[in-house]
file protein-v8.txt (compact mmCIF, C-alpha atoms)
# COMPACT_ATOMS: atom_id res chain seq x y z
CA MET A 1 -127.21 -164.79 30.25
CA ALA A 2 -123.99 -163.81 28.50
CA LYS A 3 -123.19 -160.16 28.00
CA VAL A 4 -122.97 -158.86 24.45
CA ALA A 5 -119.97 -156.84 23.29
CA LEU A 6 -119.69 -154.88 20.07
CA VAL A 7 -116.14 -154.13 18.90
CA THR A 8 -115.54 -151.86 15.91
CA GLY A 9 -112.40 -152.49 13.89
CA GLY A 10 -112.53 -155.90 15.52
CA SER A 11 -111.13 -158.10 12.76
CA ARG A 12 -107.38 -157.46 13.18
CA GLY A 13 -104.70 -156.11 15.47
CA ILE A 14 -105.79 -154.41 18.67
CA GLY A 15 -109.48 -154.86 17.85
CA ARG A 16 -109.08 -158.59 17.36
CA ALA A 17 -107.21 -158.90 20.68
CA ILE A 18 -110.01 -156.99 22.42
CA ALA A 19 -112.70 -159.17 20.85
CA LEU A 20 -110.92 -162.35 21.92
CA LYS A 21 -110.33 -161.06 25.45
CA LEU A 22 -113.98 -160.16 25.89
CA ALA A 23 -114.92 -163.61 24.61
CA ASP A 24 -112.61 -165.07 27.27
CA ALA A 25 -114.63 -163.07 29.80
CA GLY A 26 -117.78 -164.83 28.57
CA CYS A 27 -119.17 -162.18 26.24
CA ASP A 28 -120.88 -162.89 22.96
CA VAL A 29 -119.07 -160.64 20.48
CA ALA A 30 -120.05 -158.72 17.36
CA VAL A 31 -116.99 -158.01 15.23
CA VAL A 32 -117.60 -154.85 13.19
CA TYR A 33 -115.32 -154.45 10.19
CA ALA A 34 -115.04 -152.17 7.17
CA GLY A 35 -113.17 -154.12 4.51
CA ARG A 36 -111.45 -157.41 5.36
CA GLU A 37 -114.29 -159.93 5.45
CA ASP A 38 -111.85 -162.86 5.56
CA ALA A 39 -110.13 -161.47 8.66
CA ALA A 40 -113.47 -160.74 10.32
CA ASN A 41 -114.73 -164.27 9.68
CA ALA A 42 -111.48 -165.74 11.01
CA THR A 43 -111.83 -163.73 14.21
CA VAL A 44 -115.45 -164.83 14.56
CA ALA A 45 -114.36 -168.46 14.22
CA GLU A 46 -111.75 -167.99 16.96
CA ILE A 47 -114.36 -166.46 19.23
CA GLU A 48 -116.89 -169.22 18.61
CA ALA A 49 -114.21 -171.80 19.41
CA LYS A 50 -114.24 -170.35 22.93
CA GLY A 51 -117.85 -171.45 23.37
CA VAL A 52 -119.61 -168.11 22.95
CA ARG A 53 -121.60 -166.62 20.10
CA ALA A 54 -120.13 -164.25 17.55
CA MET A 55 -121.02 -162.49 14.34
CA ALA A 56 -119.29 -160.33 11.75
CA VAL A 57 -120.95 -157.06 10.81
CA LYS A 58 -119.76 -155.01 7.85
CA CYS A 59 -120.07 -151.30 8.53
CA ASP A 60 -118.37 -148.04 7.64
CA VAL A 61 -118.66 -146.32 11.02
CA ALA A 62 -118.12 -142.94 9.34
CA ASP A 63 -121.63 -143.33 7.91
CA ALA A 64 -124.24 -142.55 10.58
CA ALA A 65 -126.95 -144.63 8.88
CA GLN A 66 -124.66 -147.67 8.63
CA ALA A 67 -123.81 -147.35 12.33
CA ILE A 68 -127.50 -147.50 13.28
CA ASP A 69 -128.07 -150.45 10.95
CA ALA A 70 -125.07 -152.33 12.39
CA VAL A 71 -126.30 -151.93 15.96
CA ASN A 72 -129.78 -153.07 14.95
CA ARG A 73 -128.34 -156.19 13.29
CA VAL A 74 -126.42 -157.01 16.46
CA ILE A 75 -129.56 -156.57 18.56
CA GLU A 76 -131.52 -158.88 16.25
CA THR A 77 -128.88 -161.64 16.32
CA LEU A 78 -127.09 -161.47 19.67
CA GLY A 79 -129.24 -159.12 21.72
CA VAL A 80 -128.79 -155.61 23.08
CA PRO A 81 -125.08 -154.82 23.54
CA ASP A 82 -123.79 -154.42 27.09
CA VAL A 83 -120.36 -153.24 25.94
CA LEU A 84 -119.37 -150.95 23.07
CA VAL A 85 -115.70 -150.69 22.15
CA ASN A 86 -114.90 -147.98 19.60
CA ASN A 87 -111.64 -149.19 18.10
CA ALA A 88 -112.12 -148.51 14.39
CA GLY A 89 -109.48 -146.12 13.11
CA ILE A 90 -107.40 -145.17 10.09
CA ILE A 91 -104.23 -143.18 9.48
CA ARG A 92 -103.31 -140.81 6.67
CA ASP A 93 -100.00 -139.44 7.92
CA GLY A 94 -98.23 -136.43 6.51
CA LEU A 95 -96.87 -133.06 7.55
CA ALA A 96 -99.63 -130.50 8.03
CA MET A 97 -98.35 -128.13 5.34
CA ARG A 98 -98.69 -130.90 2.73
CA MET A 99 -101.67 -132.80 4.12
CA LYS A 100 -104.61 -133.02 1.73
CA PRO A 101 -107.91 -131.75 3.15
CA GLU A 102 -109.57 -135.03 2.20
CA ASP A 103 -106.96 -136.97 4.21
CA PHE A 104 -107.59 -134.81 7.26
CA ARG A 105 -111.34 -135.19 6.89
CA ALA A 106 -111.24 -138.97 6.34
CA VAL A 107 -109.35 -139.60 9.58
CA ILE A 108 -111.66 -137.34 11.60
CA ASP A 109 -114.74 -138.95 10.02
CA THR A 110 -113.70 -142.50 10.93
CA ASN A 111 -111.80 -142.07 14.18
CA LEU A 112 -113.96 -139.42 15.85
CA SER A 113 -117.28 -139.09 14.07
CA GLY A 114 -117.48 -142.88 13.75
CA ALA A 115 -117.19 -143.31 17.50
CA PHE A 116 -119.90 -140.70 18.05
CA TYR A 117 -122.23 -142.41 15.60
CA MET A 118 -121.78 -145.79 17.29
CA ILE A 119 -122.30 -144.29 20.74
CA ARG A 120 -125.43 -142.50 19.60
CA ALA A 121 -126.77 -145.74 18.07
CA CYS A 122 -126.21 -147.72 21.30
CA LEU A 123 -127.24 -145.13 23.89
CA PRO A 124 -131.04 -145.47 23.66
CA ALA A 125 -130.84 -149.16 24.64
CA PHE A 126 -128.23 -148.43 27.32
CA VAL A 127 -130.39 -145.65 28.81
CA ARG A 128 -133.55 -147.80 28.81
CA ARG A 129 -131.68 -150.56 30.62
CA ARG A 130 -129.80 -148.10 32.88
CA SER A 131 -126.50 -149.87 32.31
CA GLY A 132 -123.72 -150.12 29.74
CA ARG A 133 -119.98 -149.87 29.21
CA ILE A 134 -118.43 -147.71 26.51
CA VAL A 135 -114.67 -147.89 25.94
CA ASN A 136 -113.08 -145.66 23.31
CA ILE A 137 -109.63 -146.47 21.95
CA ALA A 138 -107.77 -143.17 21.90
CA SER A 139 -103.97 -142.78 21.70
CA VAL A 140 -101.14 -141.06 23.51
CA SER A 141 -100.78 -139.15 20.22
CA GLY A 142 -103.98 -137.39 21.17
CA MET A 143 -102.44 -136.37 24.50
CA MET A 144 -98.93 -135.36 23.47
CA GLY A 145 -99.20 -134.72 19.73
CA ASN A 146 -97.07 -136.38 17.10
CA ALA A 147 -95.36 -134.78 14.11
CA GLY A 148 -96.89 -135.90 10.83
CA GLN A 149 -100.18 -136.84 12.46
CA ALA A 150 -102.18 -133.62 12.69
CA ASN A 151 -105.31 -135.49 11.62
CA TYR A 152 -104.77 -138.59 13.76
CA SER A 153 -103.74 -136.69 16.89
CA ALA A 154 -106.67 -134.30 16.50
CA SER A 155 -109.09 -137.21 16.11
CA LYS A 156 -107.78 -138.95 19.22
CA ALA A 157 -107.72 -135.75 21.27
CA GLY A 158 -111.31 -135.20 20.18
CA LEU A 159 -112.16 -138.75 21.19
CA ILE A 160 -110.88 -138.04 24.70
CA GLY A 161 -113.09 -134.95 24.88
CA LEU A 162 -116.04 -136.98 23.58
CA THR A 163 -115.37 -139.64 26.23
CA LYS A 164 -115.46 -137.14 29.08
CA THR A 165 -118.57 -135.37 27.76
CA ILE A 166 -120.64 -138.51 27.22
CA ALA A 167 -119.49 -139.80 30.61
CA ARG A 168 -120.98 -136.70 32.26
CA GLU A 169 -124.19 -136.98 30.27
CA VAL A 170 -125.00 -140.61 31.10
CA ALA A 171 -123.36 -141.31 34.47
CA ALA A 172 -126.67 -141.01 36.34
CA ARG A 173 -128.05 -143.77 34.11
CA GLY A 174 -125.49 -146.31 35.28
CA ILE A 175 -123.47 -146.09 32.05
CA THR A 176 -119.70 -145.70 32.19
CA VAL A 177 -117.62 -144.15 29.42
CA ASN A 178 -113.84 -144.43 29.45
CA ALA A 179 -110.92 -144.30 27.05
CA VAL A 180 -107.78 -146.39 26.66
CA ALA A 181 -104.80 -144.58 25.15
CA PRO A 182 -102.27 -147.01 23.64
CA GLY A 183 -98.71 -145.99 22.96
CA PHE A 184 -96.28 -147.87 20.71
CA ILE A 185 -98.08 -151.18 20.08
CA GLU A 186 -97.15 -154.08 17.82
CA THR A 187 -99.56 -153.98 14.86
CA ASP A 188 -99.50 -154.42 11.08
CA MET A 189 -98.31 -150.81 10.86
CA THR A 190 -95.33 -151.27 13.18
CA ARG A 191 -94.38 -154.53 11.51
CA SER A 192 -93.97 -152.64 8.24
CA MET A 193 -91.65 -150.02 9.77
CA SER A 194 -87.95 -149.89 8.97
CA GLU A 195 -85.54 -151.22 11.59
CA ALA A 196 -84.26 -147.71 12.28
CA ALA A 197 -87.76 -146.33 12.80
CA LEU A 198 -88.68 -149.27 15.02
CA LYS A 199 -85.60 -148.73 17.19
CA ALA A 200 -86.39 -145.03 17.49
CA GLY A 201 -89.91 -145.84 18.59
CA VAL A 202 -88.79 -148.31 21.23
CA ALA A 203 -86.19 -145.81 22.48
CA ALA A 204 -89.03 -143.40 23.32
CA VAL A 205 -90.59 -145.97 25.67
CA PRO A 206 -89.12 -145.97 29.21
CA MET A 207 -89.97 -149.66 29.63
CA GLY A 208 -87.78 -150.35 26.60
CA ARG A 209 -90.15 -152.54 24.63
CA ILE A 210 -93.03 -152.31 22.23
CA GLY A 211 -96.45 -153.14 23.63
CA LYS A 212 -98.65 -156.01 22.51
CA PRO A 213 -102.30 -155.82 21.44
CA GLU A 214 -103.11 -157.98 24.45
CA ASP A 215 -101.80 -155.24 26.76
CA VAL A 216 -104.50 -152.94 25.41
CA ALA A 217 -107.12 -155.69 25.46
CA ASN A 218 -106.49 -156.33 29.16
CA ALA A 219 -107.17 -152.68 29.97
CA VAL A 220 -110.35 -152.67 27.90
CA ALA A 221 -111.62 -155.86 29.54
CA PHE A 222 -111.14 -154.30 32.98
CA LEU A 223 -113.02 -151.11 32.07
CA ALA A 224 -115.81 -153.21 30.54
CA SER A 225 -116.13 -155.37 33.65
CA ASP A 226 -118.28 -155.07 36.77
CA GLU A 227 -115.12 -154.31 38.73
CA ALA A 228 -114.92 -150.93 36.97
CA ALA A 229 -118.49 -149.92 37.83
CA TYR A 230 -117.38 -146.75 39.64
CA ILE A 231 -114.88 -145.61 37.02
CA THR A 232 -116.04 -143.20 34.34
CA GLY A 233 -114.57 -140.37 32.29
CA CYS A 234 -111.02 -141.67 32.70
CA VAL A 235 -108.21 -142.08 30.18
CA LEU A 236 -106.08 -145.15 30.90
CA LYS A 237 -102.69 -145.00 29.19
CA VAL A 238 -101.19 -148.28 28.01
CA ASP A 239 -97.85 -146.98 26.78
CA GLY A 240 -94.96 -148.31 28.89
CA GLY A 241 -94.39 -144.77 30.19
CA MET A 242 -94.11 -143.17 26.75
CA TYR A 243 -96.12 -140.15 27.90
CA ILE A 244 -95.66 -139.21 31.54

call {"tool": "encode", "arguments": {"input": "protein-v8.txt", "output": "structure tokens"}}
result
Amino acid sequence: MAKVALVTGGSRGIGRAIALKLADAGCDVAVVYAGREDAANATVAEIEAKGVRAMAVKCDVADAAQAIDAVNRVIETLGVPDVLVNNAGIIRDGLAMRMKPEDFRAVIDTNLSGAFYMIRACLPAFVRRRSGRIVNIASVSGMMGNAGQANYSASKAGLIGLTKTIAREVAARGITVNAVAPGFIETDMTRSMSEAALKAGVAAVPMGRIGKPEDVANAVAFLASDEAAYITGCVLKVDGGMYI
């Protein structure tokens, strides 16, 4: 029987690459999205073309009730998830002295609280079955800090702390909890950057190139696999050496 993976923020960018990679590994995939229904449906179609089942689930992960409802819908359609990937995230960049409180709160609510709500919604089924893989998409910004991203860096640092705490709480139940920390990755955001900003970003990477969403997806697929059964509470950087 195919494993079931649930990927938040799975319609575009890194999330889409993760969803497709898990489908390649034979998982049925639930693509959780907040706004772009067209992108979510397109990703679902790509996944189904690989011969596995897929579904799109609209959900604002920052809403605890919606998170529970989304997990229940996945269970009803695809079955109990074996893998949860918390990828949903937003940015509201700005220097701390000018950052609006609502912009700080919005990023924390989605990036950190949203991951907690999804974990909490999935854990009862994971615990009953005594198995499960949780992979949280953090960021090197949460490890090294980044000017203009007080909210984003704080949310990702918090996500790393959440990863380690949940890992300790559920390890005896056969559930692993790990984080992947991407660095400078090619996404819609980087494609909109000026040439000067893009060059500056690449210059900060010892490997001298920007990463691809598939680089992150490969790391997630490993941590979600049986081969990573004895790995928990770790943070795997995918950053070309950006933070050493």

call {"tool": "residues_near_point", "arguments": {"input": "protein-v8.txt", "point": "(-113.9, -145.8, 18.4)", "cutoff": "9 Å", "atoms": "only C-alpha atoms", "output": "tab-separated table (two decimals) with C-alpha atoms, in the coordinates of the input"}}
result
chain	number	residue	atom	x	y	z
A	7	VAL	CA	-116.14	-154.13	18.90
A	8	THR	CA	-115.54	-151.86	15.91
A	9	GLY	CA	-112.40	-152.49	13.89
A	61	VAL	CA	-118.66	-146.32	11.02
A	84	LEU	CA	-119.37	-150.95	23.07
A	85	VAL	CA	-115.70	-150.69	22.15
A	86	ASN	CA	-114.90	-147.98	19.60
A	87	ASN	CA	-111.64	-149.19	18.10
A	88	ALA	CA	-112.12	-148.51	14.39
A	89	GLY	CA	-109.48	-146.12	13.11
A	110	THR	CA	-113.70	-142.50	10.93
A	111	ASN	CA	-111.80	-142.07	14.18
A	112	LEU	CA	-113.96	-139.42	15.85
A	113	SER	CA	-117.28	-139.09	14.07
A	114	GLY	CA	-117.48	-142.88	13.75
A	115	ALA	CA	-117.19	-143.31	17.50
A	116	PHE	CA	-119.90	-140.70	18.05
A	118	MET	CA	-121.78	-145.79	17.29
A	119	ILE	CA	-122.30	-144.29	20.74
A	135	VAL	CA	-114.67	-147.89	25.94
A	136	ASN	CA	-113.08	-145.66	23.31
A	137	ILE	CA	-109.63	-146.47	21.95
A	138	ALA	CA	-107.77	-143.17	21.90
A	159	LEU	CA	-112.16	-138.75	21.19

call {"tool": "atom_distance", "arguments": {"input": "protein-v8.txt", "atom1": "atom CA of A:Met193", "atom2": "atom CA of A:Gly15"}}
result
20.2 Å

call {"tool": "closest_residue", "arguments": {"input": "protein-v8.txt", "among": "A:Arg92, A:Gly174, A:Ala197, A:Gly183", "to": "A:Gln149", "atoms": "all atoms listed in the file"}}
result
A:Arg92

call {"tool": "residues_around", "arguments": {"input": "protein-v8.txt", "residues": "A:Gln66", "least_positions_apart": "2", "cutoff": "12 Å", "atoms": "only C-alpha atoms", "output": "list of chain:residue names"}}
result
A:Val32, A:Tyr33, A:Ala34, A:Val57, A:Lys58, A:Cys59, A:Asp60, A:Val61, A:Ala62, A:Asp63, A:Ala64, A:Ile68, A:Asp69, A:Ala70, A:Val71, A:Asn72, A:Arg73, A:Gly114, A:Tyr117, A:Met118, A:Ala121

call {"tool": "residues_near_point", "arguments": {"input": "protein-v8.txt", "point": "(-109.5, -144.3, 31.9)", "cutoff": "8 Å", "atoms": "all atoms listed in the file", "output": "PyMOL selection string"}}
result
chain A and resi 178-180+223+231-237

call {"tool": "closest_residue", "arguments": {"input": "protein-v8.txt", "among": "A:Thr163, A:Val80, A:Ser139, A:Val170", "to": "A:Phe184", "atoms": "all atoms listed in the file"}}
result
A:Ser139

call {"tool": "atom_distance", "arguments": {"input": "protein-v8.txt", "atom1": "atom CA of A:Ile175", "atom2": "atom CA of A:Ala229"}}
result
8.5 Å

call {"tool": "atom_distance", "arguments": {"input": "protein-v8.txt", "atom1": "atom CA of A:Pro182", "atom2": "atom CA of A:Val140"}}
result
6.1 Å

call {"tool": "residues_around", "arguments": {"input": "protein-v8.txt", "residues": "A:Ala56", "least_positions_apart": "5", "cutoff": "12 Å", "atoms": "all atoms listed in the file", "output": "PyMOL selection string"}}
result
chain A and resi 6-11+16+19+28-48+70-71+73-74+77-78

call {"tool": "closest_residue", "arguments": {"input": "protein-v8.txt", "among": "A:Leu95, A:Ala203, A:Val220, A:Ile244", "to": "A:Asn146", "atoms": "all atoms listed in the file"}}
result
A:Leu95

call {"tool": "closest_residue", "arguments": {"input": "protein-v8.txt", "among": "A:Val216, A:Met144, A:Ala25, A:Val205", "to": "A:Gly241", "atoms": "all atoms listed in the file"}}
result
A:Val205

call {"tool": "build_atoms", "arguments": {"input": "protein-v8.txt", "residues": "stretch 213-240 of chain A", "atoms": "N, CA and C atoms", "output": "short mmCIF file (atom, residue, chain, number, x, y, z; two decimals), in the frame of the given file"}}
result
data_model
loop_
_atom_site.label_atom_id
_atom_site.label_comp_id
_atom_site.auth_asym_id
_atom_site.auth_seq_id
_atom_site.Cartn_x
_atom_site.Cartn_y
_atom_site.Cartn_z
N PRO A 213 -100.87 -156.07 21.46
CA PRO A 213 -102.30 -155.82 21.44
C PRO A 213 -103.01 -156.33 22.69
N GLU A 214 -102.50 -157.42 23.24
CA GLU A 214 -103.11 -157.98 24.45
C GLU A 214 -102.99 -157.05 25.65
N ASP A 215 -101.94 -156.21 25.67
CA ASP A 215 -101.80 -155.24 26.76
C ASP A 215 -102.97 -154.25 26.74
N VAL A 216 -103.36 -153.85 25.55
CA VAL A 216 -104.50 -152.94 25.41
C VAL A 216 -105.79 -153.68 25.72
N ALA A 217 -105.91 -154.90 25.24
CA ALA A 217 -107.12 -155.69 25.46
C ALA A 217 -107.38 -155.92 26.95
N ASN A 218 -106.32 -156.13 27.72
CA ASN A 218 -106.49 -156.33 29.16
C ASN A 218 -107.09 -155.10 29.83
N ALA A 219 -106.64 -153.92 29.41
CA ALA A 219 -107.17 -152.68 29.97
C ALA A 219 -108.64 -152.50 29.60
N VAL A 220 -108.96 -152.80 28.36
CA VAL A 220 -110.35 -152.67 27.90
C VAL A 220 -111.26 -153.63 28.67
N ALA A 221 -110.81 -154.86 28.84
CA ALA A 221 -111.62 -155.86 29.54
C ALA A 221 -111.90 -155.42 30.97
N PHE A 222 -110.91 -154.80 31.62
CA PHE A 222 -111.14 -154.30 32.98
C PHE A 222 -112.20 -153.21 32.98
N LEU A 223 -112.07 -152.22 32.09
CA LEU A 223 -113.02 -151.11 32.07
C LEU A 223 -114.42 -151.56 31.66
N ALA A 224 -114.50 -152.67 30.95
CA ALA A 224 -115.81 -153.21 30.54
C ALA A 224 -116.42 -154.12 31.60
N SER A 225 -115.69 -154.39 32.65
CA SER A 225 -116.13 -155.37 33.65
C SER A 225 -116.93 -154.71 34.78
N ASP A 226 -117.56 -155.56 35.60
CA ASP A 226 -118.28 -155.07 36.77
C ASP A 226 -117.34 -154.43 37.78
N GLU A 227 -116.09 -154.86 37.79
CA GLU A 227 -115.12 -154.31 38.73
C GLU A 227 -114.85 -152.82 38.50
N ALA A 228 -115.16 -152.34 37.29
CA ALA A 228 -114.92 -150.93 36.97
C ALA A 228 -116.21 -150.11 37.02
N ALA A 229 -117.18 -150.56 37.80
CA ALA A 229 -118.49 -149.92 37.83
C ALA A 229 -118.46 -148.49 38.32
N TYR A 230 -117.44 -148.11 39.09
CA TYR A 230 -117.38 -146.75 39.64
C TYR A 230 -116.28 -145.93 38.98
N ILE A 231 -115.90 -146.34 37.78
CA ILE A 231 -114.88 -145.61 37.02
C ILE A 231 -115.53 -145.07 35.75
N THR A 232 -115.51 -143.78 35.57
CA THR A 232 -116.04 -143.20 34.34
C THR A 232 -115.33 -141.89 34.02
N GLY A 233 -115.22 -141.59 32.74
CA GLY A 233 -114.57 -140.37 32.29
C GLY A 233 -113.06 -140.40 32.40
N CYS A 234 -112.48 -141.59 32.54
CA CYS A 234 -111.02 -141.67 32.70
C CYS A 234 -110.34 -142.03 31.39
N VAL A 235 -109.05 -141.71 31.32
CA VAL A 235 -108.21 -142.08 30.18
C VAL A 235 -107.08 -142.94 30.74
N LEU A 236 -107.08 -144.21 30.40
CA LEU A 236 -106.08 -145.15 30.90
C LEU A 236 -105.01 -145.34 29.84
N LYS A 237 -103.80 -144.85 30.13
CA LYS A 237 -102.69 -145.00 29.19
C LYS A 237 -102.11 -146.40 29.26
N VAL A 238 -101.86 -146.99 28.11
CA VAL A 238 -101.19 -148.28 28.01
C VAL A 238 -100.01 -148.04 27.07
N ASP A 239 -98.92 -147.50 27.64
CA ASP A 239 -97.85 -146.98 26.78
C ASP A 239 -96.44 -147.21 27.30
N GLY A 240 -96.31 -148.03 28.36
CA GLY A 240 -94.96 -148.31 28.89
C GLY A 240 -94.25 -147.06 29.38
#
